[in-house]
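**Student:** First the structure, then my questions, so here it is.
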Amino acid sequence: MSELIKNETKKIYEEMGIPSKVYDFCDEIWDSLQDRFDKIREVSEFNQAKVLKAMQENKVSEACLLGTTGYGYNDIGRDKLEEVYASIFHTEDALVRPQITCGTHALALALMSNLRPGDELLAPAGKPYDTLEEVIGIRESKGSLKEYGVSYRQVDLLPDGSFDYENIEKAINEKTKLVTIQRSKGYQTRPTFSVEKIGELIAFVKSKKSDVIVMVDNCYGEFVQTIEPSDVGADMVVGSLIKNPGGGLAPIGGYIAGKKECVENAAYRLTSPGLGKEVGASLGILPQFYQGLFLAPNVTANALMGAVFAANIYEKLGFSVLPNGTEDRFDIIQAITFNDPKLLTSFCEGIQYAAPVDSYVTPEPWDMPGYDSQVIMAAGAFVSGSSIELSADGPLREPYSVFFQGGLTWQHVKYGIMKTLAVMYEKGLVTL
């Protein structure tokens, strides 16, 4: 950037609430990360080619963008999109639907359609994400797997964040039908698992019981690496379209990609026995699904750059960050532990004030459905709740960690992180 443009950019940032001292502190860190960003862009280019190749080989046409209403019979765009997803994830089949309302719904659908009364669900990587607790029945809820006679067993991670293979082996028994692995950290301060590490766990589980179904919660991990969990033995990979694969354009939806039988089971559960994948109108949103998927590798790269940027800034300020500023990345989430509720809420305020939508409102903690404590969320997004757009959230409980993710453009991510620091700086909560 030329000095003239840089000075003009700094000036407009000052008009947007970024003090000069904050800008200089952040900009120096940004400049130091360019080699790291180049590596992220290399992965993005690979994944962009993979997505484009899948669209071309499956002969996506203009007719695929038209959509259907009513029953949705013979919706060629919907069916073709599922073929594209299956190609990208190297799976036998895929279910990609706007009728899947969110990531939790997609995961619940995959679990409930492939488990039967008397089966047991095993979580070998510790407690799953908060909203799955009621799906499973860890916390009592109507319609849980527990209500339908599905038992649950959990093996916690070892203190260093690695898999406890000894106790995983002990936990596998004749009732073990499905193993669920959460790739991302959720609201835990544990490492996100690389696809390679997930592959090692899958191979171990399958060596003990070959017919077990392995499902991977892939939320926040798509297109971060050049391979996906389905490339290393996962029978199902599951995610949300208002995260990475929707590219910021998908207004709703989720996906399940995997073995044909597993996907068919999910389709019959989503619609009705006897109907399955044959119904489900696309309702005119297929262009956003296709274009969002096309943009997803680049959007994911922008979010990754923002996560690395945030880690380096807050690590330099003395806060505990996970991953740290130099570690490899396996999802787009950056955890920052503040040990202070004021810092947690101030960070979220900064993200909200940096948003293109609702930048004038202040986020407040509230009792969100599916969570056992108050949660503060900041996301002034074009798609409500979209966490591939610039967003941050965290439960109001110790150690008061924030979980930051998203950003459709790296320029916006940079401003958003600077704004979080500006809010804290102006409140006297941090010194530069």
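Residue numbering restarts at 1 in every chain; chains get A, B, ... in the order shown in the structure tokens, and ligands count up from 1 in that same order.
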If you count only C-alpha atoms, which residues fall within 9 Å of Asp75 (chain A), apart from same-chain ones fewer than 2 positions away, as a list in words?

**Tutor:**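 In the requested form, the answer reads Cys64, Leu66, Gly67, Thr68, Gly72, Tyr73, Gly77, Arg78, Asp79, Lys80, Glu278, Val279, Gly280, Ala281 and Ser282 of chain A.
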
**Student:** Using only C-alpha atoms, determine which residues lie at most 12 Å from Glu57 (chain A), disregarding the query and same-chain residues fewer than 5 positions distant; provide the list as a list in words.

**Tutor:**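 Result of the neighbour search: Ala49, Lys50, Val51, Leu52, Lys80, Leu81, Glu83, Val84, Tyr85, Ala86, Ser87 and Ile88 of chain A.
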
**Student:** Could those selected residues go to a file with N, CA and C atoms, as a tab-separated table (two decimals), in the first residue's frame?

**Tutor:**
chain	number	residue	atom	x	y	z
A	49	ALA	N	-9.96	-24.58	-6.75
A	49	ALA	CA	-9.88	-25.46	-7.92
A	49	ALA	C	-10.73	-26.71	-7.71
A	50	LYS	N	-10.73	-27.23	-6.49
A	50	LYS	CA	-11.51	-28.44	-6.18
A	50	LYS	C	-13.00	-28.17	-6.35
A	51	VAL	N	-13.47	-27.03	-5.87
A	51	VAL	CA	-14.89	-26.68	-5.99
A	51	VAL	C	-15.27	-26.46	-7.45
A	52	LEU	N	-14.45	-25.72	-8.17
A	52	LEU	CA	-14.73	-25.44	-9.58
A	52	LEU	C	-14.75	-26.74	-10.40
A	80	LYS	N	-28.50	-31.71	-8.35
A	80	LYS	CA	-27.15	-31.48	-8.88
A	80	LYS	C	-26.24	-30.90	-7.81
A	81	LEU	N	-26.77	-30.03	-6.97
A	81	LEU	CA	-25.97	-29.45	-5.89
A	81	LEU	C	-25.49	-30.55	-4.95
A	83	GLU	N	-24.92	-33.62	-5.78
A	83	GLU	CA	-23.85	-34.32	-6.48
A	83	GLU	C	-22.54	-33.55	-6.37
A	84	VAL	N	-22.62	-32.23	-6.45
A	84	VAL	CA	-21.42	-31.40	-6.33
A	84	VAL	C	-20.80	-31.55	-4.94
A	85	TYR	N	-21.63	-31.50	-3.91
A	85	TYR	CA	-21.13	-31.69	-2.54
A	85	TYR	C	-20.48	-33.06	-2.38
A	86	ALA	N	-21.11	-34.10	-2.92
A	86	ALA	CA	-20.54	-35.44	-2.84
A	86	ALA	C	-19.19	-35.50	-3.53
A	87	SER	N	-19.05	-34.79	-4.63
A	87	SER	CA	-17.77	-34.76	-5.35
A	87	SER	C	-16.70	-34.04	-4.54
A	88	ILE	N	-17.06	-32.91	-3.95
A	88	ILE	CA	-16.09	-32.13	-3.17
A	88	ILE	C	-15.61	-32.92	-1.95

**Student:** Closest to Ser387 (chain A) among A:Lys185, A:Arg269, A:Lys59, A:Lys243, using only C-alpha atoms?

**Tutor:**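 Of the candidates, the smallest distance to Ser387 (chain A) is held by A:Lys243.
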
**Student:** When you count only C-alpha atoms, which of these residues is closest to Val263 (chain A): A:Pro251, A:Gly350, A:Gly276, A:Gly246?

**Tutor:** A:Gly276

**Student:** Would you mind listing what lies within 12 Å of Lys197 (chain A) as a PyMOL selection string, with only C-alpha atoms counted and same-chain residues fewer than 2 positions away left out?

**Tutor:** chain A and resi 125+161-163+181-183+191-195+199-204+228-229+232-233+330

**Student:** Store the residues picked out above in a file with C-alpha atoms, as a PDB file, in the first residue's frame.

**Tutor:**
ATOM      1  CA  ALA A 125     -13.242 -36.619  22.133  1.00  0.00           C
ATOM      2  CA  GLY A 161      -5.769 -32.353  24.672  1.00  0.00           C
ATOM      3  CA  SER A 162      -4.942 -35.698  23.053  1.00  0.00           C
ATOM      4  CA  PHE A 163      -7.224 -38.710  22.671  1.00  0.00           C
ATOM      5  CA  ILE A 181     -16.271 -36.475  16.692  1.00  0.00           C
ATOM      6  CA  GLN A 182     -16.436 -32.687  16.934  1.00  0.00           C
ATOM      7  CA  ARG A 183     -13.683 -31.141  14.838  1.00  0.00           C
ATOM      8  CA  PRO A 191      -7.237 -27.600  20.419  1.00  0.00           C
ATOM      9  CA  THR A 192      -9.212 -28.038  17.232  1.00  0.00           C
ATOM     10  CA  PHE A 193      -8.429 -31.398  15.658  1.00  0.00           C
ATOM     11  CA  SER A 194      -6.654 -31.582  12.329  1.00  0.00           C
ATOM     12  CA  VAL A 195      -8.139 -33.857   9.685  1.00  0.00           C
ATOM     13  CA  GLY A 199      -8.215 -39.873  10.696  1.00  0.00           C
ATOM     14  CA  GLU A 200      -6.009 -41.519  13.329  1.00  0.00           C
ATOM     15  CA  LEU A 201      -8.945 -41.659  15.763  1.00  0.00           C
ATOM     16  CA  ILE A 202     -11.279 -43.066  13.108  1.00  0.00           C
ATOM     17  CA  ALA A 203      -8.754 -45.773  12.175  1.00  0.00           C
ATOM     18  CA  PHE A 204      -8.393 -46.750  15.850  1.00  0.00           C
ATOM     19  CA  GLU A 228     -11.841 -33.191   4.741  1.00  0.00           C
ATOM     20  CA  PRO A 229     -12.741 -35.839   7.368  1.00  0.00           C
ATOM     21  CA  VAL A 232      -9.802 -40.121   6.145  1.00  0.00           C
ATOM     22  CA  GLY A 233     -12.612 -42.562   6.858  1.00  0.00           C
ATOM     23  CA  PHE A 330      -7.708 -26.398  11.522  1.00  0.00           C
TER      24      PHE A 330
END

**Student:** Calculate how many Å separate CA of Phe37 (chain A) from CA of Arg329 (chain A), rounding to one decimal.

**Tutor:**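 Result for CA of Phe37 (chain A) versus CA of Arg329 (chain A): 11.7 Å, one decimal.
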
**Student:** Report as a list in words: the residues of region 169-334 of chain A with a DSSP assignment of strand (DSSP E or B), based on the backbone of this structure.

**Tutor:**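 Assigned to strand (DSSP E or B), within region 169-334 of chain A: Thr176, Lys177, Leu178, Val179, Thr180, Ile181, Gln182, Ile213, Val214, Met215, Val216, Asp217, Met236, Val237, Val238, Gly239, Ser240, Gly254, Tyr255, Ile256, Ala257, Gly258, Ser320, Val321, Leu322 and Gln334 of chain A.
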
**Student:** Please dump the current selection as a PDB file, in the first residue's frame; keep C-alpha atoms.

**Tutor:**
ATOM      1  CA  THR A 176     -21.766 -48.925  20.165  1.00  0.00           C
ATOM      2  CA  LYS A 177     -23.449 -47.973  16.894  1.00  0.00           C
ATOM      3  CA  LEU A 178     -22.233 -44.465  16.151  1.00  0.00           C
ATOM      4  CA  VAL A 179     -19.181 -42.430  17.135  1.00  0.00           C
ATOM      5  CA  THR A 180     -19.391 -38.634  16.990  1.00  0.00           C
ATOM      6  CA  ILE A 181     -16.271 -36.475  16.692  1.00  0.00           C
ATOM      7  CA  GLN A 182     -16.436 -32.687  16.934  1.00  0.00           C
ATOM      8  CA  ILE A 213     -20.597 -45.408  11.966  1.00  0.00           C
ATOM      9  CA  VAL A 214     -18.323 -42.394  12.445  1.00  0.00           C
ATOM     10  CA  MET A 215     -19.852 -38.937  12.138  1.00  0.00           C
ATOM     11  CA  VAL A 216     -17.714 -35.787  12.179  1.00  0.00           C
ATOM     12  CA  ASP A 217     -19.155 -32.414  13.128  1.00  0.00           C
ATOM     13  CA  MET A 236     -20.659 -38.788   7.560  1.00  0.00           C
ATOM     14  CA  VAL A 237     -19.456 -35.187   7.628  1.00  0.00           C
ATOM     15  CA  VAL A 238     -22.029 -32.660   8.766  1.00  0.00           C
ATOM     16  CA  GLY A 239     -22.175 -28.876   8.732  1.00  0.00           C
ATOM     17  CA  SER A 240     -24.100 -25.641   8.338  1.00  0.00           C
ATOM     18  CA  GLY A 254     -27.171 -27.565   6.247  1.00  0.00           C
ATOM     19  CA  TYR A 255     -25.495 -30.563   4.685  1.00  0.00           C
ATOM     20  CA  ILE A 256     -24.749 -34.209   5.397  1.00  0.00           C
ATOM     21  CA  ALA A 257     -22.228 -35.875   3.073  1.00  0.00           C
ATOM     22  CA  GLY A 258     -21.249 -39.501   3.409  1.00  0.00           C
ATOM     23  CA  SER A 320      -4.115 -16.553  26.545  1.00  0.00           C
ATOM     24  CA  VAL A 321      -5.110 -17.396  22.966  1.00  0.00           C
ATOM     25  CA  LEU A 322      -5.957 -20.731  21.355  1.00  0.00           C
ATOM     26  CA  GLN A 334     -10.046 -18.036  17.562  1.00  0.00           C
TER      27      GLN A 334
END

**Student:** For CA of Leu111 (chain A) and CA of Ser144 (chain A), determine how far apart the two atoms are, in Å to one decimal place.

**Tutor:** 10.6 Å

**Student:** Write out as a PyMOL selection string the set of residues from region 201-369 of chain A that DSSP, computed on the backbone, places in alpha helix (DSSP H).

**Tutor:** chain A and resi 201-208+260-270+286-316+341-353

**Student:** Write the selection just made, keeping C-alpha atoms, as an mmCIF file, in the first residue's frame?

**Tutor:**
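Dumped everything to selection_5.cif:
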data_model
loop_
_atom_site.group_PDB
_atom_site.id
_atom_site.type_symbol
_atom_site.label_atom_id
_atom_site.label_comp_id
_atom_site.auth_asym_id
_atom_site.auth_seq_id
_atom_site.Cartn_x
_atom_site.Cartn_y
_atom_site.Cartn_z
ATOM 1 C CA LEU A 201 -8.945 -41.659 15.763
ATOM 2 C CA ILE A 202 -11.279 -43.066 13.108
ATOM 3 C CA ALA A 203 -8.754 -45.773 12.175
ATOM 4 C CA PHE A 204 -8.393 -46.750 15.850
ATOM 5 C CA VAL A 205 -12.152 -46.929 16.421
ATOM 6 C CA LYS A 206 -12.723 -48.942 13.243
ATOM 7 C CA SER A 207 -9.927 -51.351 14.217
ATOM 8 C CA LYS A 208 -11.880 -52.135 17.387
ATOM 9 C CA LYS A 260 -25.265 -43.591 0.683
ATOM 10 C CA GLU A 261 -27.129 -45.537 3.375
ATOM 11 C CA CYS A 262 -26.376 -42.938 6.068
ATOM 12 C CA VAL A 263 -27.484 -40.071 3.827
ATOM 13 C CA GLU A 264 -30.647 -41.900 2.750
ATOM 14 C CA ASN A 265 -31.529 -42.534 6.392
ATOM 15 C CA ALA A 266 -31.147 -38.811 7.059
ATOM 16 C CA ALA A 267 -33.315 -37.926 4.058
ATOM 17 C CA TYR A 268 -36.129 -40.187 5.237
ATOM 18 C CA ARG A 269 -35.939 -38.627 8.683
ATOM 19 C CA LEU A 270 -35.911 -35.086 7.256
ATOM 20 C CA LEU A 286 -30.241 -22.239 -5.231
ATOM 21 C CA PRO A 287 -28.235 -19.361 -6.778
ATOM 22 C CA GLN A 288 -27.069 -18.372 -3.277
ATOM 23 C CA PHE A 289 -26.208 -21.990 -2.467
ATOM 24 C CA TYR A 290 -24.174 -22.460 -5.632
ATOM 25 C CA GLN A 291 -22.480 -19.065 -5.632
ATOM 26 C CA GLY A 292 -21.819 -19.227 -1.900
ATOM 27 C CA LEU A 293 -20.142 -22.615 -2.321
ATOM 28 C CA PHE A 294 -18.088 -21.221 -5.206
ATOM 29 C CA LEU A 295 -16.873 -18.334 -3.024
ATOM 30 C CA ALA A 296 -16.410 -20.441 0.113
ATOM 31 C CA PRO A 297 -12.687 -21.268 -0.229
ATOM 32 C CA ASN A 298 -11.761 -17.584 -0.550
ATOM 33 C CA VAL A 299 -14.149 -16.442 2.193
ATOM 34 C CA THR A 300 -12.788 -19.136 4.510
ATOM 35 C CA ALA A 301 -9.254 -17.912 3.797
ATOM 36 C CA ASN A 302 -10.249 -14.360 4.730
ATOM 37 C CA ALA A 303 -11.705 -15.623 8.014
ATOM 38 C CA LEU A 304 -8.556 -17.630 8.714
ATOM 39 C CA MET A 305 -6.386 -14.563 8.166
ATOM 40 C CA GLY A 306 -8.553 -12.695 10.656
ATOM 41 C CA ALA A 307 -8.172 -15.463 13.241
ATOM 42 C CA VAL A 308 -4.382 -15.395 12.897
ATOM 43 C CA PHE A 309 -4.419 -11.589 13.144
ATOM 44 C CA ALA A 310 -6.532 -11.643 16.296
ATOM 45 C CA ALA A 311 -4.343 -14.303 17.912
ATOM 46 C CA ASN A 312 -1.178 -12.313 17.359
ATOM 47 C CA ILE A 313 -2.669 -9.058 18.628
ATOM 48 C CA TYR A 314 -4.136 -10.431 21.836
ATOM 49 C CA GLU A 315 -1.189 -12.712 22.508
ATOM 50 C CA LYS A 316 1.099 -9.677 22.329
ATOM 51 C CA PRO A 341 -16.509 -10.479 31.934
ATOM 52 C CA LYS A 342 -15.943 -6.795 31.096
ATOM 53 C CA LEU A 343 -13.268 -7.682 28.559
ATOM 54 C CA LEU A 344 -15.448 -10.417 27.056
ATOM 55 C CA THR A 345 -18.412 -8.084 26.575
ATOM 56 C CA SER A 346 -16.180 -5.254 25.332
ATOM 57 C CA PHE A 347 -14.684 -7.501 22.646
ATOM 58 C CA CYS A 348 -18.173 -8.423 21.439
ATOM 59 C CA GLU A 349 -19.183 -4.760 21.479
ATOM 60 C CA GLY A 350 -16.256 -3.971 19.187
ATOM 61 C CA ILE A 351 -17.275 -6.665 16.696
ATOM 62 C CA GLN A 352 -20.864 -5.382 16.694
ATOM 63 C CA TYR A 353 -19.795 -1.749 16.229
#

**Student:** Nearest residue to Glu327 (chain A) out of A:Tyr23, A:Tyr13, A:Asn173, A:Arg36, using only C-alpha atoms?

**Tutor:**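 Of A:Tyr23, A:Tyr13, A:Asn173, A:Arg36, the one nearest Glu327 (chain A), counting only C-alpha atoms, is A:Arg36.
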
**Student:** So what do you get for CA of Glu120 (chain A) versus CA of Asp211 (chain A), distance-wise?

**Tutor:** 13.3 Å
